[in-house]
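Pasting input_3.cif here (mmCIF, C-alpha atoms):
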```cif
data_data
loop_
_atom_site.group_PDB
_atom_site.id
_atom_site.type_symbol
_atom_site.label_atom_id
_atom_site.label_comp_id
_atom_site.auth_asym_id
_atom_site.auth_seq_id
_atom_site.Cartn_x
_atom_site.Cartn_y
_atom_site.Cartn_z
ATOM 1 C CA MET G 1 -23.505 12.271 -16.797
ATOM 2 C CA ASP G 2 -21.324 14.608 -18.805
ATOM 3 C CA ARG G 3 -17.937 12.991 -18.194
ATOM 4 C CA LYS G 4 -15.907 16.021 -19.229
ATOM 5 C CA ILE G 5 -17.811 18.387 -16.934
ATOM 6 C CA PHE G 6 -17.556 15.901 -14.070
ATOM 7 C CA LEU G 7 -13.770 15.546 -14.459
ATOM 8 C CA ASP G 8 -13.308 19.286 -14.945
ATOM 9 C CA ASN G 9 -15.208 19.948 -11.715
ATOM 10 C CA LEU G 10 -13.096 17.416 -9.831
ATOM 11 C CA SER G 11 -9.911 18.963 -11.229
ATOM 12 C CA ARG G 12 -11.051 22.420 -10.181
ATOM 13 C CA LEU G 13 -11.944 21.158 -6.714
ATOM 14 C CA LEU G 14 -8.398 19.836 -6.261
ATOM 15 C CA GLU G 15 -6.448 22.336 -8.352
ATOM 16 C CA ARG G 16 -4.871 23.896 -5.263
ATOM 17 C CA ILE G 17 -2.758 20.747 -4.920
ATOM 18 C CA GLY G 18 0.460 20.973 -6.946
ATOM 19 C CA ILE G 19 1.992 17.948 -8.621
ATOM 20 C CA HIS G 20 5.535 17.067 -9.645
ATOM 21 C CA PRO G 21 5.307 15.377 -13.073
ATOM 22 C CA ASP G 22 7.158 12.251 -11.940
ATOM 23 C CA VAL G 23 4.599 11.487 -9.246
ATOM 24 C CA ILE G 24 1.863 11.035 -11.856
ATOM 25 C CA VAL G 25 3.859 8.207 -13.448
ATOM 26 C CA GLU G 26 4.436 6.596 -10.040
ATOM 27 C CA ILE G 27 0.777 6.822 -9.001
ATOM 28 C CA VAL G 28 -0.432 5.412 -12.320
ATOM 29 C CA ALA G 29 2.058 2.518 -11.970
ATOM 30 C CA GLU G 30 0.510 1.626 -8.603
ATOM 31 C CA LEU G 31 -2.966 1.995 -10.090
ATOM 32 C CA LYS G 32 -2.194 -0.460 -12.903
ATOM 33 C CA HIS G 33 -0.559 -2.859 -10.467
ATOM 34 C CA SER G 34 -3.575 -2.835 -8.145
ATOM 35 C CA GLY G 35 -6.085 -4.781 -10.219
ATOM 36 C CA ASN G 36 -8.684 -2.652 -8.459
ATOM 37 C CA GLU G 37 -8.626 0.658 -10.259
ATOM 38 C CA ALA G 38 -12.051 1.805 -9.049
ATOM 39 C CA GLY G 39 -11.157 1.143 -5.406
ATOM 40 C CA PHE G 40 -7.770 2.778 -5.833
ATOM 41 C CA VAL G 41 -9.254 5.954 -7.317
ATOM 42 C CA SER G 42 -11.917 6.082 -4.623
ATOM 43 C CA VAL G 43 -9.368 5.985 -1.773
ATOM 44 C CA LEU G 44 -6.945 8.351 -3.496
ATOM 45 C CA GLU G 45 -9.785 10.798 -4.173
ATOM 46 C CA ALA G 46 -10.795 10.677 -0.504
ATOM 47 C CA ARG G 47 -7.223 11.470 0.590
ATOM 48 C CA LEU G 48 -6.746 14.277 -1.932
ATOM 49 C CA LYS G 49 -10.035 15.914 -0.931
ATOM 50 C CA PHE G 50 -9.015 15.685 2.720
ATOM 51 C CA LEU G 51 -5.577 17.148 2.007
ATOM 52 C CA ASN G 52 -7.133 19.907 -0.075
ATOM 53 C CA GLU G 53 -9.572 20.765 2.719
ATOM 54 C CA HIS G 54 -7.232 20.540 5.705
ATOM 55 C CA GLY G 55 -3.811 21.430 4.243
ATOM 56 C CA ILE G 56 -1.036 21.193 6.819
ATOM 57 C CA GLN G 57 -3.602 20.094 9.417
ATOM 58 C CA ALA G 58 -4.370 16.938 7.418
ATOM 59 C CA THR G 59 -2.228 14.970 9.870
ATOM 60 C CA ILE G 60 -5.269 14.870 12.167
ATOM 61 C CA HIS G 61 -6.224 11.991 9.849
ATOM 62 C CA LYS G 62 -4.420 8.805 10.876
ATOM 63 C CA GLU G 63 -3.392 8.079 7.284
ATOM 64 C CA PHE G 64 -1.336 11.269 7.139
ATOM 65 C CA GLU G 65 1.920 11.806 9.019
ATOM 66 C CA PRO G 66 4.846 14.210 9.106
ATOM 67 C CA ILE G 67 8.182 12.588 8.285
ATOM 68 C CA GLU G 68 10.994 15.146 8.390
ATOM 69 C CA LYS G 69 12.261 18.390 6.846
ATOM 70 C CA GLY G 70 8.746 19.535 5.988
ATOM 71 C CA VAL G 71 7.925 16.349 4.090
ATOM 72 C CA TYR G 72 4.716 14.488 4.909
ATOM 73 C CA SER G 73 3.367 11.069 4.002
ATOM 74 C CA MET G 74 -0.125 10.080 2.919
ATOM 75 C CA HIS G 75 -1.129 6.403 3.018
ATOM 76 C CA ILE G 76 -3.378 4.980 0.311
ATOM 77 C CA ALA G 77 -4.247 1.372 0.967
ATOM 78 C CA GLY G 78 -7.023 -1.019 0.077
ATOM 79 C CA LYS G 79 -7.646 -4.315 -1.661
ATOM 80 C CA GLY G 80 -4.767 -4.770 -4.117
ATOM 81 C CA PHE G 81 -2.863 -1.584 -3.352
ATOM 82 C CA ASN G 82 -0.663 -0.121 -0.652
ATOM 83 C CA MET G 83 1.017 3.145 -1.552
ATOM 84 C CA ARG G 84 2.626 6.100 0.135
ATOM 85 C CA VAL G 85 2.554 9.550 -1.407
ATOM 86 C CA LEU G 86 5.050 12.063 -0.032
ATOM 87 C CA TYR G 87 4.142 15.707 -0.161
ATOM 88 C CA ALA G 88 5.320 19.066 1.123
ATOM 89 C CA PHE G 89 4.049 22.629 0.969
ATOM 90 C CA SER G 90 4.926 25.455 -1.368
ATOM 91 C CA ASP G 91 3.426 28.875 -0.570
ATOM 92 C CA GLY G 92 1.025 27.131 1.794
ATOM 93 C CA ALA G 93 -0.322 24.748 -0.837
ATOM 94 C CA PRO G 94 0.383 21.016 -0.850
ATOM 95 C CA VAL G 95 2.597 19.564 -3.596
ATOM 96 C CA LEU G 96 2.625 15.834 -4.339
ATOM 97 C CA LEU G 97 6.260 14.846 -4.802
ATOM 98 C CA LEU G 98 6.860 11.108 -4.754
ATOM 99 C CA ALA G 99 4.791 7.927 -4.630
ATOM 100 C CA PHE G 100 5.948 4.393 -3.963
ATOM 101 C CA HIS G 101 4.517 0.963 -3.362
ATOM 102 C CA GLU G 102 4.736 -0.041 0.253
ATOM 103 C CA ILE G 103 5.644 -3.633 0.962
ATOM 104 C CA SER G 104 3.089 -5.134 3.323
ATOM 105 C CA GLY G 105 4.061 -6.630 6.645
ATOM 106 C CA HIS G 106 6.510 -3.944 7.750
ATOM 107 C CA LYS G 107 5.618 -2.190 10.978
ATOM 108 C CA THR G 108 7.324 1.022 9.973
ATOM 109 C CA THR G 109 7.690 2.521 6.534
ATOM 110 C CA ASP G 110 11.196 2.767 5.128
ATOM 111 C CA TYR G 111 11.666 6.341 3.938
ATOM 112 C CA THR G 112 15.418 5.927 3.330
ATOM 113 C CA GLY G 113 16.338 8.060 0.374
ATOM 114 C CA LYS G 114 12.722 9.086 -0.216
ATOM 115 C CA VAL G 115 12.892 12.382 1.669
ATOM 116 C CA SER G 116 15.956 13.631 -0.199
ATOM 117 C CA VAL G 117 14.346 12.767 -3.546
ATOM 118 C CA SER G 118 11.172 14.558 -2.447
ATOM 119 C CA LEU G 119 13.083 17.671 -1.441
ATOM 120 C CA GLY G 120 14.907 17.643 -4.771
ATOM 121 C CA ARG G 121 11.588 17.458 -6.592
ATOM 122 C CA LEU G 122 10.129 20.212 -4.428
ATOM 123 C CA LYS G 123 13.041 22.414 -5.481
ATOM 124 C CA GLU G 124 12.388 21.550 -9.129
ATOM 125 C CA PHE G 125 8.693 22.301 -8.692
ATOM 126 C CA LYS G 126 9.401 25.692 -7.171
ATOM 127 C CA GLU G 127 11.953 26.553 -9.853
ATOM 128 C CA GLY G 128 9.499 25.619 -12.546
ATOM 129 C CA ILE G 129 6.988 28.201 -11.408
ATOM 130 C CA MET I 1 11.611 21.797 -15.166
ATOM 131 C CA ASN I 2 8.299 22.325 -16.850
ATOM 132 C CA ASN I 3 5.459 22.323 -14.324
ATOM 133 C CA SER I 4 2.860 21.809 -16.983
ATOM 134 C CA LYS I 5 1.556 18.665 -15.288
ATOM 135 C CA THR I 6 -1.407 19.457 -13.125
ATOM 136 C CA MET I 7 -4.194 17.842 -11.161
ATOM 137 C CA GLU I 8 -6.126 17.711 -14.418
ATOM 138 C CA ASP I 9 -3.430 15.450 -15.896
ATOM 139 C CA LEU I 10 -3.469 13.183 -12.854
ATOM 140 C CA ILE I 11 -7.244 12.863 -12.916
ATOM 141 C CA ALA I 12 -7.218 12.193 -16.657
ATOM 142 C CA ALA I 13 -4.651 9.416 -16.177
ATOM 143 C CA LEU I 14 -6.525 7.871 -13.244
ATOM 144 C CA SER I 15 -9.916 7.935 -14.924
ATOM 145 C CA GLU I 16 -8.774 6.590 -18.284
ATOM 146 C CA ASN I 17 -10.031 3.040 -17.689
ATOM 147 C CA LEU I 18 -12.948 3.876 -15.412
ATOM 148 C CA SER I 19 -16.568 4.029 -16.495
ATOM 149 C CA ASP I 20 -18.786 7.015 -15.750
ATOM 150 C CA THR I 21 -20.491 5.044 -12.998
ATOM 151 C CA ASP I 22 -17.143 4.100 -11.436
ATOM 152 C CA LEU I 23 -16.257 7.795 -11.279
ATOM 153 C CA ILE I 24 -19.537 8.724 -9.614
ATOM 154 C CA LYS I 25 -19.168 5.891 -7.100
ATOM 155 C CA ALA I 26 -15.647 7.030 -6.210
ATOM 156 C CA ASP I 27 -16.853 10.591 -5.784
ATOM 157 C CA ILE I 28 -19.726 9.615 -3.478
ATOM 158 C CA LYS I 29 -17.716 7.100 -1.438
ATOM 159 C CA SER I 30 -14.851 9.534 -0.890
ATOM 160 C CA ASN I 31 -17.244 12.293 0.160
ATOM 161 C CA ILE I 32 -19.045 10.049 2.655
ATOM 162 C CA ALA I 33 -15.744 8.845 4.145
ATOM 163 C CA ASN I 34 -14.506 12.392 4.631
ATOM 164 C CA SER I 35 -17.850 13.504 6.093
ATOM 165 C CA ILE I 36 -17.544 10.793 8.733
ATOM 166 C CA ILE I 37 -13.911 11.722 9.476
ATOM 167 C CA ASN I 38 -14.717 15.424 9.747
ATOM 168 C CA LYS I 39 -17.634 14.703 12.055
ATOM 169 C CA ARG I 40 -15.522 12.410 14.241
ATOM 170 C CA ILE I 41 -12.802 15.032 14.489
ATOM 171 C CA SER I 42 -15.359 17.682 15.426
ATOM 172 C CA MET I 43 -16.448 15.360 18.245
ATOM 173 C CA HIS I 44 -12.804 15.195 19.459
ATOM 174 C CA LEU I 45 -12.789 11.435 19.146
ATOM 175 C CA ASN I 46 -10.306 9.010 17.656
ATOM 176 C CA GLN I 47 -11.579 6.005 15.710
ATOM 177 C CA ASN I 48 -11.640 3.852 18.814
ATOM 178 C CA GLY I 49 -13.535 6.491 20.767
ATOM 179 C CA LEU I 50 -16.142 6.805 18.066
ATOM 180 C CA ALA I 51 -16.396 3.024 17.771
ATOM 181 C CA GLN I 52 -17.120 2.736 21.479
ATOM 182 C CA LYS I 53 -19.637 5.556 21.379
ATOM 183 C CA ILE I 54 -21.689 3.989 18.605
ATOM 184 C CA LYS I 55 -21.042 0.393 19.651
ATOM 185 C CA LYS I 56 -19.081 -0.644 16.572
ATOM 186 C CA SER I 57 -15.562 -1.985 16.219
ATOM 187 C CA GLN I 58 -12.618 0.296 15.499
ATOM 188 C CA ALA I 59 -12.015 -1.777 12.359
ATOM 189 C CA THR I 60 -15.504 -0.895 11.134
ATOM 190 C CA VAL I 61 -14.938 2.825 11.653
ATOM 191 C CA SER I 62 -11.565 2.530 9.938
ATOM 192 C CA LYS I 63 -13.210 0.809 6.961
ATOM 193 C CA TRP I 64 -15.890 3.511 6.721
ATOM 194 C CA GLU I 65 -13.252 6.210 6.726
ATOM 195 C CA ASN I 66 -10.949 4.640 4.144
ATOM 196 C CA GLY I 67 -12.898 5.894 1.154
ATOM 197 C CA ASP I 68 -13.949 2.773 -0.749
ATOM 198 C CA THR I 69 -16.745 1.369 1.401
ATOM 199 C CA ASN I 70 -19.888 0.441 -0.489
ATOM 200 C CA PHE I 71 -22.434 1.573 2.109
ATOM 201 C CA THR I 72 -25.980 0.258 2.083
ATOM 202 C CA ILE I 73 -28.842 2.694 2.606
ATOM 203 C CA ASP I 74 -29.520 0.998 5.938
ATOM 204 C CA SER I 75 -25.973 1.499 7.147
ATOM 205 C CA LEU I 76 -25.864 5.097 5.939
ATOM 206 C CA VAL I 77 -29.078 5.967 7.765
ATOM 207 C CA ASP I 78 -27.790 4.259 10.917
ATOM 208 C CA ILE I 79 -24.473 6.126 10.703
ATOM 209 C CA ALA I 80 -26.249 9.437 10.184
ATOM 210 C CA ALA I 81 -28.456 8.770 13.204
ATOM 211 C CA ASP I 82 -25.522 7.676 15.369
ATOM 212 C CA LEU I 83 -23.469 10.723 14.417
ATOM 213 C CA ASP I 84 -26.385 13.147 14.544
ATOM 214 C CA MET I 85 -25.942 14.032 10.903
ATOM 215 C CA GLU I 86 -28.389 14.697 8.114
ATOM 216 C CA ILE I 87 -28.724 12.426 5.125
ATOM 217 C CA TYR I 88 -30.204 13.380 1.793
ATOM 218 C CA ILE I 89 -30.471 10.935 -1.096
ATOM 219 C CA LYS I 90 -32.510 11.578 -4.197
ATOM 220 C CA LEU I 91 -32.759 9.971 -7.591
ATOM 221 C CA ARG I 92 -34.030 12.299 -10.239
ATOM 222 C CA ASN I 93 -34.118 12.735 -13.973
ATOM 223 C CA HIS I 94 -31.487 14.915 -15.593
ATOM 224 C CA ILE I 95 -34.072 17.447 -16.710
ATOM 225 C CA GLU I 96 -35.277 17.782 -13.136
ATOM 226 C CA GLU I 97 -31.727 18.502 -12.066
ATOM 227 C CA LYS I 98 -31.489 21.306 -14.612
ATOM 228 C CA ARG I 99 -34.691 23.024 -13.615
ATOM 229 C CA SER I 100 -33.911 22.490 -9.956
ATOM 230 C CA SER I 101 -30.565 24.186 -10.534
ATOM 231 C CA VAL I 102 -32.286 27.164 -12.089
ATOM 232 C CA TYR I 103 -34.653 27.388 -9.173
ATOM 233 C CA SER I 104 -31.881 26.889 -6.650
ATOM 234 C CA ALA I 105 -29.734 29.616 -8.192
ATOM 235 C CA GLU I 106 -32.652 32.040 -8.136
ATOM 236 C CA TYR I 107 -33.554 31.106 -4.590
ATOM 237 C CA GLN I 108 -29.995 31.518 -3.337
ATOM 238 C CA LYS I 109 -29.861 34.961 -4.862
ATOM 239 C CA GLY I 110 -33.000 35.808 -2.906
ATOM 240 C CA ASN I 111 -34.613 36.638 -6.200
ATOM 241 C CA SER I 112 -38.320 37.164 -5.597
ATOM 242 C CA LYS I 113 -38.906 37.275 -9.331
ATOM 243 C CA ILE I 114 -38.988 33.534 -9.484
ATOM 244 C CA VAL I 115 -42.683 33.834 -10.428
ATOM 245 C CA ALA I 116 -41.484 35.283 -13.703
ATOM 246 C CA PHE I 117 -40.554 31.776 -14.782
ATOM 247 C CA PRO I 118 -42.472 30.794 -17.905
ATOM 248 C CA LEU I 119 -45.398 29.349 -16.005
ATOM 249 C CA LYS I 120 -47.145 28.418 -19.194
ATOM 250 C CA ASN I 121 -44.653 25.580 -19.367
ATOM 251 C CA ASN I 122 -46.260 23.125 -16.999
ATOM 252 C CA TRP I 123 -43.083 21.211 -16.238
ATOM 253 C CA ILE I 124 -41.477 24.230 -14.684
ATOM 254 C CA LYS I 125 -44.517 25.019 -12.612
ATOM 255 C CA SER I 126 -44.836 21.506 -11.257
ATOM 256 C CA GLY I 127 -41.103 21.289 -10.656
ATOM 257 C CA PHE I 128 -41.209 24.489 -8.691
ATOM 258 C CA SER I 129 -44.021 23.165 -6.533
ATOM 259 C CA GLU I 130 -42.159 19.950 -5.873
ATOM 260 C CA ASP I 131 -39.117 21.869 -4.845
ATOM 261 C CA LEU I 132 -41.160 24.038 -2.527
ATOM 262 C CA GLU I 133 -42.660 20.974 -0.897
ATOM 263 C CA GLU I 134 -39.227 19.618 -0.213
ATOM 264 C CA MET I 135 -38.003 22.713 1.522
#
```

Same coordinates, now as C-alpha cells:
Amino acid sequence: MDRKIFLDNLSRLLERIGIHPDVIVEIVAELKHSGNEAGFVSVLEARLKFLNEHGIQATIHKEFEPIEKGVYSMHIAGKGFNMRVLYAFSDGAPVLLLAFHEISGHKTTDYTGKVSVSLGRLKEFKEGI
Amino acid sequence: MNNSKTMEDLIAALSENLSDTDLIKADIKSNIANSIINKRISMHLNQNGLAQKIKKSQATVSKWENGDTNFTIDSLVDIAADLDMEIYIKLRNHIEEKRSSVYSAEYQKGNSKIVAFPLKNNWIKSGFSEDLEEM
C-alpha cells in the first residue's frame, strides 16, 4: 500500500467536513487516552464518512443527535473510548467544533457550556474563511 | 483565526501511530458498518426491527454498525444474504490491481479500442481474459 496515496484519498473523501483547529487537539487527546487507537480511528472514520454522506440528515443514525441552536452531537464510543464531537453547519457543510470525553454511566450527556463554546468556535471558523 | 487546519491535518494526527494494515482495517470496517446502516435505513427499520427480521439481537446489530467490528467471512456472507446485498472480496497482487484499473477505466469509458492493448505482453492479455470472466 502507498500510505501517502491512501491518506490523501481519505482526506479528499472527507474534505467537505470543516474543522476548527482546537477540535483536532481534543480528538487526539481522546485517541491517546483510549489505549485502542486502531479501534478509535475505525469508529471515528465510520462516523465521519456517515456525516459526510448524509450531512444534516445524519441524525437518522442513532449516534447522531441535534442539541440546540444548530449544534449537533456525534457519539464515538468503543473499547477504551467514549467521546462526543459537537458540530454545526456552515454553508451547508458540517464543521467539527468541539470534542470531549464523556464520563460513562450518565444517562444523559451534560452539554452545559459546550454549546456556547461550539457557537463561539463556529463564529471563529466562519470569520477565518 | 487561521483556518489552515483541515481534514488532512486530522487524518495525519490520527494515523501517526497506526500501521498501514491498521489503516486498511479501519477503512474496510467503517465502510461495512455504514453499508449496513444505509441498507437498514433504506428498509425503514430501526436496529431492533432489523434484529427481529434477521433473528439477531439488537446488541449484535448495534455492534455491527459501530464501525470497529472484526467480521468473519462467514458472518459477512450471512449478513449479505440476510440483507439481500452483494458481497465482493478479492485478494490480488498489486500489479493485477494496476492492470485491472487500466482495463476498468477503458471499459467505463466505453472504449472499444481496448484490443489495442499491447497484446504481445502476455500478462495483459491473460489479465484481460480474467477480468472478462469475472464480469

So what does the PyMOL selection byres ((chain I) within 12 of (chain G)) actually pick up in this one, as a VMD selection string?
chain I and resid 1 to 42 44 to 48 62 to 70 93 to 95 97

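The residue that comes closest to Val61 (chain I), out of I:Gly49, I:Asp74, I:Ile89, I:Met43 and on the basis of all atoms listed in the file, is I:Gly49.
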
Tell me which of G:Asn36, G:Ser73, G:Ser90, G:Gln57 sits closest to Glu102 (chain G), counting all atoms listed in the file.
G:Ser73

If I take CA of Ile54 (chain I) and CA of Asp78 (chain I), how far is one from the other in Å, to one decimal?
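About the pair CA of Ile54 (chain I) and CA of Asp78 (chain I): they are 9.8 Å apart.
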
Can you work out the spacing between CA of Asp110 (chain G) and CA of Gly35 (chain G) in Å, to one decimal?
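So the two atoms, CA of Asp110 (chain G) and CA of Gly35 (chain G), lie 24.3 Å apart.
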
Would you list the residues near (-24.0, 5.3, 21.9) (no more than 12 Å away, in the coordinates of the file, using all atoms listed in the file) as a CSV table (one decimal) with C-alpha atoms, in the frame of the given file?
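Everything below was put into selection_29.csv:
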```
chain,number,residue,atom,x,y,z
I,49,GLY,CA,-13.5,6.5,20.8
I,50,LEU,CA,-16.1,6.8,18.1
I,51,ALA,CA,-16.4,3.0,17.8
I,52,GLN,CA,-17.1,2.7,21.5
I,53,LYS,CA,-19.6,5.6,21.4
I,54,ILE,CA,-21.7,4.0,18.6
I,55,LYS,CA,-21.0,0.4,19.7
I,56,LYS,CA,-19.1,-0.6,16.6
I,78,ASP,CA,-27.8,4.3,10.9
I,79,ILE,CA,-24.5,6.1,10.7
I,81,ALA,CA,-28.5,8.8,13.2
I,82,ASP,CA,-25.5,7.7,15.4
I,83,LEU,CA,-23.5,10.7,14.4
I,84,ASP,CA,-26.4,13.1,14.5
```

If you measure from CA of Val71 (chain G) to CA of Tyr111 (chain G), what distance in Å do you get, rounded to one decimal?
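Those two atoms sit 10.7 Å apart.
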